[in-house]
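Chemist: Let me give you the structure first, and then I'll get to my questions.
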Amino acid sequence: MAGFKVGPDFIDPGHHGRILGSPSINLDGWMLDRKTNRDRFFRRAAGADIAVVEGVMGLYDGYDGKTEDGSTAQIAKWLGIPVLLVADARHMARSAAALVLGFERFDPAVSFVGVVFNRLGSERHLAYLREALEAAGCMPCIGGLLRSDDLGIPERHLGLLTADEFGRQQGQLDRLADTIEAALDIDGLLQHLPEVRAEAIGPVSEWVGGRVRIAVARDEAFCFYYPDNLELLEANGAEIAFFSPLTDDELPEGTCGVYIGGGYPEMFGERLSQNERMRKAICNASLSGIPLYAECGGFMYLCREIIDQEGRIYPMCGCFSASVRMLGRLKSLGYREVHLMEDTCIGKPGDILRGHEFHYSELIEEPDAMRVYRIADRSGAVQRTEGYRVRRTLGSYIHLLFASHPDAARRFTESAMQYRIQKSGVRSQEKCG
């Protein structure tokens with residue numbers, strides 16, 4: 001089975017990957033064009049018996065109220081696949097037919113394979129809903145799930161708990177699978193799924209040069225990565241070496257580049273702060289000129305300190321001079337287009353990348369660093385400058401999808417290779433002296 005997620009989400013694909021045992025890939029109608037989305041889908045789905053794409057928000061919800069851009073419906077039409085509608089039936093009976101009929105008729109170009117009702121009160125409740133659908137001539141009902149606290153995943157300010165923190169055990173997964181198999185007509189659903197045939201897609205070019213080690217922070221505090229960001233790095237010569245800022249004392253041996261993604265450093269502030277050896281190792285790596293790229297939570301970790309809502313101060317790496325303060329409200333949310341104004345470890349002036357911003361914190365003061373991003377929102381309106389660079393260290397609140405400008409991955413690995421050559425030259429001089 002191949003898994004996918006519509007939109008700029010990290011948490012849901014993490015749960016998909018934990019269950020499937022393979023990465024779940026993001027599809028996005030704004031960050032990526034139609035061809036790129038199709039290539040990503042069909043290349044990943046090749047060889048899989050079933051491909052499942054989880055939507056984002058409501059079926060027709062995109063990034064404005066006028067168009068389908070950025071919506072699940074747009075991706076479904078681009079890929080030529082039908083929709084299995086999931087409807088919350090709580091407190092509804094016959095009205096559910098009006099809801100389902102509205103979804104069916106809203107866009108005739110969207111095809112449906114059926115509807116599943118969620119949060120049912122009883123089996124009798126489901127019978128009422130089936131009667132209503134049949135009387136209104138709606139799409140077939142594939143089944144329904146009764147309300148159950150056991151099926152939920154706890155949430156916090158950025159969404160669900162991650163798979164790293166709330167990874168269901170195999171026994172729980174088996175019970176969940178049994179529940180779904182008993183509640184839904186899986187065989188009937190599979191019989192009505194079309195066979196999707198894609199046009200020929202060229203093979204991904206293989207890297208023929210040498211490899212360079214890129215250390216990637218990966219633990220409960222830092223787990224927000226687009227899987228194909230890492231795959232693009234590997235396709236461009238990176239040897240990925242995971243490490244934990246929570247538990248490791250030093251960076252992996254031979255590290256020539258560092259990538260620290262987003263996550264919840266504020267939830268693990270005390271543990272991150274207490275791991276002084278790792279904080280110093282990262283700061284020293286930055287001072288040495290290693291290419292170091294950090295986004296959102298990773299950027300916060302590279303700042304001088306994080307101050308939580310209770311005023312507790314947790315010292316961080318200090319690569320950037322600013323302090324970060326946690327807020328009780330959302331600070332920023334939305335798609336972002338990044339125009340590089342200066343040379344960086346992920347691109348050169350004039351390069352344009354797309355990504356997403358979502359955080360509950362703010363900088364108390366500006367870092368003593370060069371701003372290298374000119375940021376526009378999804379409409380193209382320039383908002384501000386951001387993206388801070390000091391030496392070869394680059395930090396920002398924005399999560400970038402490297403596939404929006406594939407040269408970004410190549411640029412990062414090339415920067416790491418240049419660092420390795422520079423480091424080797426310094427050592428040779430030290431030996432000769």
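Residue numbers start at 1 in each chain; chains themselves are named A, B, ... in the order of the structure tokens; ligands are numbered from 1 in the order shown.
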At a cut-off of 9 Å, can you tabulate as a Markdown table every residue of region 267-332 of chain A near region 352-364 of chain A together with its closest atom pair and the distance in Å to one decimal, using only C-alpha atoms and ordering rows by chain then number?
Modeler:
| residue | atom | partner | partner_atom | distance |
| --- | --- | --- | --- | --- |
| A:Cys296 | CA | A:His359 | CA | 7.4 |
| A:Gly297 | CA | A:His359 | CA | 8.6 |
| A:Met300 | CA | A:Leu363 | CA | 8.8 |
| A:Ala322 | CA | A:Leu363 | CA | 6.5 |
| A:Ser323 | CA | A:Ile364 | CA | 5.6 |
| A:Val324 | CA | A:Leu363 | CA | 4.6 |
| A:Arg325 | CA | A:Glu362 | CA | 5.5 |
| A:Met326 | CA | A:Ser361 | CA | 4.3 |
| A:Leu327 | CA | A:Ser361 | CA | 5.3 |
| A:Gly328 | CA | A:Tyr360 | CA | 7.0 |
| A:Arg329 | CA | A:Tyr360 | CA | 6.0 |
| A:Leu330 | CA | A:Tyr360 | CA | 4.7 |
| A:Lys331 | CA | A:Tyr360 | CA | 5.0 |
| A:Ser332 | CA | A:Phe358 | CA | 5.4 |
Chemist: Restrict the selected residues to C-alpha atoms and save them as a PDB file, in the first residue's frame.
Modeler:
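As a result, out_8.pdb now contains:
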ATOM      1  CA  CYS A 296      10.689  26.344  12.667  1.00  0.00           C
ATOM      2  CA  GLY A 297      11.344  24.224  15.795  1.00  0.00           C
ATOM      3  CA  MET A 300      14.097  27.917  17.730  1.00  0.00           C
ATOM      4  CA  ALA A 322      17.727  36.039  19.530  1.00  0.00           C
ATOM      5  CA  SER A 323      15.453  34.679  22.241  1.00  0.00           C
ATOM      6  CA  VAL A 324      12.212  32.880  21.403  1.00  0.00           C
ATOM      7  CA  ARG A 325       9.033  33.391  23.423  1.00  0.00           C
ATOM      8  CA  MET A 326       6.126  30.942  23.408  1.00  0.00           C
ATOM      9  CA  LEU A 327       2.642  32.406  23.034  1.00  0.00           C
ATOM     10  CA  GLY A 328      -0.790  31.195  24.030  1.00  0.00           C
ATOM     11  CA  ARG A 329      -2.122  31.967  20.559  1.00  0.00           C
ATOM     12  CA  LEU A 330      -1.266  31.248  16.962  1.00  0.00           C
ATOM     13  CA  LYS A 331       1.398  33.643  15.696  1.00  0.00           C
ATOM     14  CA  SER A 332       1.542  32.750  12.021  1.00  0.00           C
TER      15      SER A 332
END
Chemist: Skip Asp61 (chain A) itself and residues of its chain fewer than 4 positions away, then list as number ranges by chain all residues within 12 Å of it, counting only C-alpha atoms.
Modeler: A: 6-7, 29, 55-57, 65-75, 103
Chemist: Which polymer residues have any atom within 12 Å of an atom of Arg279 (chain A), counting only C-alpha atoms, with same-chain residues fewer than 4 positions away left out, as a list in words?
Modeler: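 My list of contacting residues is Ser244, Pro245, Leu246, Thr247, Asp248, Asp249, Glu250, Leu251, Arg271, Leu272, Ser273, Gln274, Asn275, Cys283, Asn284, Ala285, Ser286, Tyr301, Leu302, Cys303, Arg304, Glu305, Tyr314, Pro315, Met316, Cys317, Gly318 and Cys319 of chain A.
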Chemist: Once you have the residues from the selection above, write them out as an mmCIF file, in the first residue's frame, restricted to N, CA and C atoms.
Modeler:
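Printed below is out-v6.cif as written:
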data_model
loop_
_atom_site.group_PDB
_atom_site.id
_atom_site.type_symbol
_atom_site.label_atom_id
_atom_site.label_comp_id
_atom_site.auth_asym_id
_atom_site.auth_seq_id
_atom_site.Cartn_x
_atom_site.Cartn_y
_atom_site.Cartn_z
ATOM 1 N N SER A 244 19.955 12.460 17.808
ATOM 2 C CA SER A 244 18.948 12.990 18.723
ATOM 3 C C SER A 244 19.521 14.121 19.561
ATOM 4 N N PRO A 245 19.012 15.348 19.407
ATOM 5 C CA PRO A 245 19.416 16.434 20.301
ATOM 6 C C PRO A 245 19.009 16.190 21.755
ATOM 7 N N LEU A 246 18.071 15.284 21.973
ATOM 8 C CA LEU A 246 17.644 14.978 23.336
ATOM 9 C C LEU A 246 18.616 14.049 24.055
ATOM 10 N N THR A 247 19.149 13.074 23.350
ATOM 11 C CA THR A 247 19.903 12.026 24.039
ATOM 12 C C THR A 247 21.352 11.861 23.604
ATOM 13 N N ASP A 248 21.713 12.325 22.418
ATOM 14 C CA ASP A 248 23.094 12.141 21.955
ATOM 15 C C ASP A 248 24.011 13.237 22.495
ATOM 16 N N ASP A 249 25.281 12.893 22.638
ATOM 17 C CA ASP A 249 26.268 13.849 23.161
ATOM 18 C C ASP A 249 26.961 14.640 22.063
ATOM 19 N N GLU A 250 26.988 14.095 20.859
ATOM 20 C CA GLU A 250 27.720 14.757 19.791
ATOM 21 C C GLU A 250 27.102 14.409 18.445
ATOM 22 N N LEU A 251 27.501 15.139 17.424
ATOM 23 C CA LEU A 251 27.021 14.864 16.082
ATOM 24 C C LEU A 251 27.659 13.578 15.552
ATOM 25 N N ARG A 271 14.869 19.114 28.812
ATOM 26 C CA ARG A 271 15.780 18.059 28.378
ATOM 27 C C ARG A 271 16.783 18.569 27.351
ATOM 28 N N LEU A 272 16.307 19.393 26.410
ATOM 29 C CA LEU A 272 17.221 19.955 25.415
ATOM 30 C C LEU A 272 18.256 20.856 26.080
ATOM 31 N N SER A 273 17.797 21.644 27.038
ATOM 32 C CA SER A 273 18.699 22.551 27.744
ATOM 33 C C SER A 273 19.734 21.786 28.557
ATOM 34 N N GLN A 274 19.322 20.694 29.182
ATOM 35 C CA GLN A 274 20.238 19.923 30.027
ATOM 36 C C GLN A 274 21.292 19.186 29.205
ATOM 37 N N ASN A 275 21.012 18.940 27.934
ATOM 38 C CA ASN A 275 21.995 18.247 27.090
ATOM 39 C C ASN A 275 22.993 19.280 26.553
ATOM 40 N N CYS A 283 26.643 24.331 18.231
ATOM 41 C CA CYS A 283 27.167 25.700 18.161
ATOM 42 C C CYS A 283 28.576 25.700 17.559
ATOM 43 N N ASN A 284 29.416 24.778 17.986
ATOM 44 C CA ASN A 284 30.778 24.696 17.447
ATOM 45 C C ASN A 284 30.767 24.338 15.963
ATOM 46 N N ALA A 285 29.827 23.469 15.571
ATOM 47 C CA ALA A 285 29.716 23.128 14.158
ATOM 48 C C ALA A 285 29.356 24.364 13.338
ATOM 49 N N SER A 286 28.432 25.165 13.863
ATOM 50 C CA SER A 286 28.066 26.409 13.176
ATOM 51 C C SER A 286 29.256 27.351 13.080
ATOM 52 N N TYR A 301 15.569 26.064 18.251
ATOM 53 C CA TYR A 301 16.640 25.369 18.975
ATOM 54 C C TYR A 301 17.990 26.043 18.743
ATOM 55 N N LEU A 302 18.182 26.635 17.583
ATOM 56 C CA LEU A 302 19.453 27.298 17.294
ATOM 57 C C LEU A 302 19.560 28.686 17.922
ATOM 58 N N CYS A 303 18.448 29.218 18.428
ATOM 59 C CA CYS A 303 18.484 30.543 19.058
ATOM 60 C C CYS A 303 19.101 30.461 20.457
ATOM 61 N N ARG A 304 19.236 31.607 21.102
ATOM 62 C CA ARG A 304 19.920 31.655 22.394
ATOM 63 C C ARG A 304 19.138 30.942 23.490
ATOM 64 N N GLU A 305 17.808 31.118 23.484
ATOM 65 C CA GLU A 305 17.001 30.521 24.544
ATOM 66 C C GLU A 305 15.544 30.490 24.128
ATOM 67 N N TYR A 314 14.914 28.395 28.933
ATOM 68 C CA TYR A 314 15.702 27.209 28.617
ATOM 69 C C TYR A 314 16.800 27.591 27.620
ATOM 70 N N PRO A 315 18.061 27.589 28.047
ATOM 71 C CA PRO A 315 19.157 27.893 27.123
ATOM 72 C C PRO A 315 19.191 26.889 25.973
ATOM 73 N N MET A 316 19.432 27.405 24.764
ATOM 74 C CA MET A 316 19.528 26.558 23.581
ATOM 75 C C MET A 316 20.935 26.677 22.990
ATOM 76 N N CYS A 317 21.089 26.502 21.683
ATOM 77 C CA CYS A 317 22.421 26.380 21.091
ATOM 78 C C CYS A 317 23.166 27.700 20.970
ATOM 79 N N GLY A 318 22.450 28.807 20.765
ATOM 80 C CA GLY A 318 23.113 30.095 20.671
ATOM 81 C C GLY A 318 23.767 30.396 19.331
ATOM 82 N N CYS A 319 23.411 29.658 18.284
ATOM 83 C CA CYS A 319 23.939 29.986 16.955
ATOM 84 C C CYS A 319 23.397 31.333 16.489
#
Chemist: From a DSSP pass on the backbone, collect the residues of region 23-122 of chain A flagged as helix (DSSP H, G or I) and hand them back as a ChimeraX atom specification.
Modeler: /A:34-45,72-79,95-106
Chemist: Skip Val113 (chain A) itself and residues of its chain fewer than 2 positions away, then list as a PyMOL selection string all residues within 7 Å of it, counting only C-alpha atoms.
Modeler: chain A and resi 82-84+111+192
Chemist: I'd like the neighbourhood of Arg90 (chain A) as a count of residues only, where a residue qualifies if any of its atoms comes within 12 Å (using only C-alpha atoms), though same-chain residues fewer than 2 positions away should be ignored.
Modeler: 20
Chemist: Return the single residue from A:Ala235, A:Leu400, A:Ala294, A:Met341 that is closest to Phe222 (chain A), with distances computed using only C-alpha atoms.
Modeler: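 Closest residue, counting only C-alpha atoms: A:Ala294.
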Chemist: Please identify all polymer residues within 12 Å of Glu54 (chain A), counting only C-alpha atoms, omitting same-chain residues fewer than 4 positions from it, and present them as a PyMOL selection string.
Modeler: chain A and resi 2-7+9+12-13+15-16+24-28+58-59+71-73+75-76+83-86
Chemist: Could you write out the selected residues, including C-alpha atoms, as a PDB file, in the first residue's frame?
Modeler:
ATOM      1  CA  ALA A   2       1.180   3.521  -0.790  1.00  0.00           C
ATOM      2  CA  GLY A   3       0.153   6.426   1.462  1.00  0.00           C
ATOM      3  CA  PHE A   4      -0.213  10.124   0.664  1.00  0.00           C
ATOM      4  CA  LYS A   5      -1.414  13.277   2.392  1.00  0.00           C
ATOM      5  CA  VAL A   6      -2.830  16.408   0.775  1.00  0.00           C
ATOM      6  CA  GLY A   7      -1.425  19.654   2.147  1.00  0.00           C
ATOM      7  CA  ASP A   9       1.186  18.333   7.025  1.00  0.00           C
ATOM      8  CA  ASP A  12      -0.665  12.693   9.685  1.00  0.00           C
ATOM      9  CA  PRO A  13       1.976  11.319   7.272  1.00  0.00           C
ATOM     10  CA  HIS A  15       1.151   8.154  11.530  1.00  0.00           C
ATOM     11  CA  HIS A  16       0.679   6.747   8.027  1.00  0.00           C
ATOM     12  CA  SER A  24       3.755   8.803   3.274  1.00  0.00           C
ATOM     13  CA  ILE A  25       4.262  11.569   0.707  1.00  0.00           C
ATOM     14  CA  ASN A  26       2.703  15.041   0.622  1.00  0.00           C
ATOM     15  CA  LEU A  27       0.751  16.244  -2.400  1.00  0.00           C
ATOM     16  CA  ASP A  28      -0.048  19.934  -2.627  1.00  0.00           C
ATOM     17  CA  GLY A  58     -13.082  19.696   3.858  1.00  0.00           C
ATOM     18  CA  LEU A  59     -13.109  18.197   0.382  1.00  0.00           C
ATOM     19  CA  SER A  71      -7.930  21.505  -2.094  1.00  0.00           C
ATOM     20  CA  THR A  72      -8.372  17.752  -1.902  1.00  0.00           C
ATOM     21  CA  ALA A  73     -10.861  17.964  -4.795  1.00  0.00           C
ATOM     22  CA  ILE A  75      -5.712  16.737  -6.259  1.00  0.00           C
ATOM     23  CA  ALA A  76      -8.400  14.067  -6.848  1.00  0.00           C
ATOM     24  CA  VAL A  83     -13.234  10.216  -3.388  1.00  0.00           C
ATOM     25  CA  LEU A  84     -14.373   8.231  -0.364  1.00  0.00           C
ATOM     26  CA  LEU A  85     -16.298  10.878   1.564  1.00  0.00           C
ATOM     27  CA  VAL A  86     -16.072  10.757   5.365  1.00  0.00           C
TER      28      VAL A  86
END
Chemist: Tyr419 (chain A): which residues within 10 Å, counting only C-alpha atoms, same-chain residues fewer than 6 positions away excluded, as a short mmCIF file (atom, residue, chain, number, x, y, z; two decimals) with C-alpha atoms, in the first residue's frame?
Modeler:
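Saved as part-v9.cif:
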data_model
loop_
_atom_site.label_atom_id
_atom_site.label_comp_id
_atom_site.auth_asym_id
_atom_site.auth_seq_id
_atom_site.Cartn_x
_atom_site.Cartn_y
_atom_site.Cartn_z
CA VAL A 212 28.74 13.24 2.02
CA THR A 255 29.22 15.09 9.65
CA CYS A 256 29.66 17.73 6.94
CA GLY A 257 26.16 19.21 7.02
CA SER A 288 33.30 26.05 12.05
CA GLY A 289 31.31 27.01 8.96
CA ILE A 290 29.43 23.76 8.48
CA PRO A 291 26.26 24.08 6.33
CA ARG A 392 26.73 28.94 6.62
CA THR A 413 24.85 18.54 -0.47
CA GLY A 425 42.60 21.13 3.60
#
Chemist: DSSP on the backbone: which residues in region 210-311 of chain A end up as strand (DSSP E)? Give the answer as a PyMOL selection string.
Modeler: chain A and resi 212-217+222-224+238-243+257-260+262-263+292-295+305-307
Chemist: Mind dumping the selected residues with N, CA and C atoms as a CSV table (one decimal), in the first residue's frame?
Modeler:
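Output file out_0.csv follows:
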chain,number,residue,atom,x,y,z
A,212,VAL,N,28.3,12.4,0.9
A,212,VAL,CA,28.7,13.2,2.0
A,212,VAL,C,27.7,13.1,3.1
A,213,ARG,N,28.2,13.1,4.4
A,213,ARG,CA,27.3,12.8,5.5
A,213,ARG,C,26.6,14.0,6.0
A,214,ILE,N,25.2,13.9,5.9
A,214,ILE,CA,24.3,15.0,6.5
A,214,ILE,C,23.7,14.5,7.7
A,215,ALA,N,23.9,15.1,8.9
A,215,ALA,CA,23.3,14.7,10.1
A,215,ALA,C,21.9,15.4,10.2
A,216,VAL,N,20.9,14.5,10.5
A,216,VAL,CA,19.5,15.0,10.5
A,216,VAL,C,19.0,14.7,11.9
A,217,ALA,N,18.5,15.8,12.6
A,217,ALA,CA,18.0,15.6,14.0
A,217,ALA,C,16.6,14.9,13.9
A,222,PHE,N,12.1,16.7,17.5
A,222,PHE,CA,12.3,17.2,16.1
A,222,PHE,C,11.9,16.1,15.1
A,223,CYS,N,10.7,16.1,14.6
A,223,CYS,CA,10.2,15.1,13.8
A,223,CYS,C,9.3,15.6,12.6
A,224,PHE,N,9.4,16.9,12.3
A,224,PHE,CA,8.6,17.4,11.2
A,224,PHE,C,9.5,17.5,10.0
A,238,ALA,N,23.7,12.8,-0.6
A,238,ALA,CA,23.8,12.8,0.9
A,238,ALA,C,23.7,11.4,1.5
A,239,GLU,N,24.5,11.2,2.5
A,239,GLU,CA,24.3,10.0,3.3
A,239,GLU,C,23.7,10.5,4.6
A,240,ILE,N,22.4,10.1,4.8
A,240,ILE,CA,21.7,10.6,6.0
A,240,ILE,C,22.1,9.9,7.3
A,241,ALA,N,22.5,10.6,8.3
A,241,ALA,CA,22.8,10.0,9.6
A,241,ALA,C,21.9,10.7,10.6
A,242,PHE,N,21.0,10.0,11.2
A,242,PHE,CA,20.1,10.6,12.2
A,242,PHE,C,20.8,10.7,13.6
A,243,PHE,N,20.4,11.7,14.3
A,243,PHE,CA,20.9,11.9,15.7
A,243,PHE,C,19.8,12.5,16.5
A,257,GLY,N,27.3,18.4,7.2
A,257,GLY,CA,26.2,19.2,7.0
A,257,GLY,C,25.1,18.8,8.1
A,258,VAL,N,24.3,19.7,8.5
A,258,VAL,CA,23.3,19.4,9.6
A,258,VAL,C,22.0,20.0,9.1
A,259,TYR,N,20.9,19.2,9.3
A,259,TYR,CA,19.5,19.6,9.0
A,259,TYR,C,18.7,19.3,10.2
A,260,ILE,N,18.1,20.4,10.8
A,260,ILE,CA,17.3,20.3,12.0
A,260,ILE,C,15.9,20.8,11.6
A,262,GLY,N,11.4,20.8,12.0
A,262,GLY,CA,10.5,21.3,13.0
A,262,GLY,C,10.1,20.3,14.0
A,263,GLY,N,9.3,20.7,15.0
A,263,GLY,CA,8.8,19.8,16.0
A,263,GLY,C,8.3,20.6,17.2
A,292,LEU,N,24.5,24.4,7.9
A,292,LEU,CA,23.5,24.0,8.9
A,292,LEU,C,22.2,24.7,8.6
A,293,TYR,N,21.2,23.9,8.3
A,293,TYR,CA,19.8,24.4,7.9
A,293,TYR,C,18.8,23.9,8.9
A,294,ALA,N,18.0,24.9,9.4
A,294,ALA,CA,17.1,24.7,10.5
A,294,ALA,C,15.8,25.4,10.1
A,295,GLU,N,14.6,24.7,10.4
A,295,GLU,CA,13.4,25.4,10.1
A,295,GLU,C,12.4,25.2,11.3
A,305,GLU,N,17.8,31.1,23.5
A,305,GLU,CA,17.0,30.5,24.5
A,305,GLU,C,15.5,30.5,24.1
A,306,ILE,N,14.8,29.6,24.8
A,306,ILE,CA,13.3,29.5,24.6
A,306,ILE,C,12.7,29.9,25.9
A,307,ILE,N,11.7,30.8,25.9
A,307,ILE,CA,11.0,31.2,27.1
A,307,ILE,C,9.6,30.7,27.0
Chemist: How many Å lie between CA of Gly298 (chain A) and CA of Ile398 (chain A), rounded to one decimal?
Modeler: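 The value is 10.4 Å.
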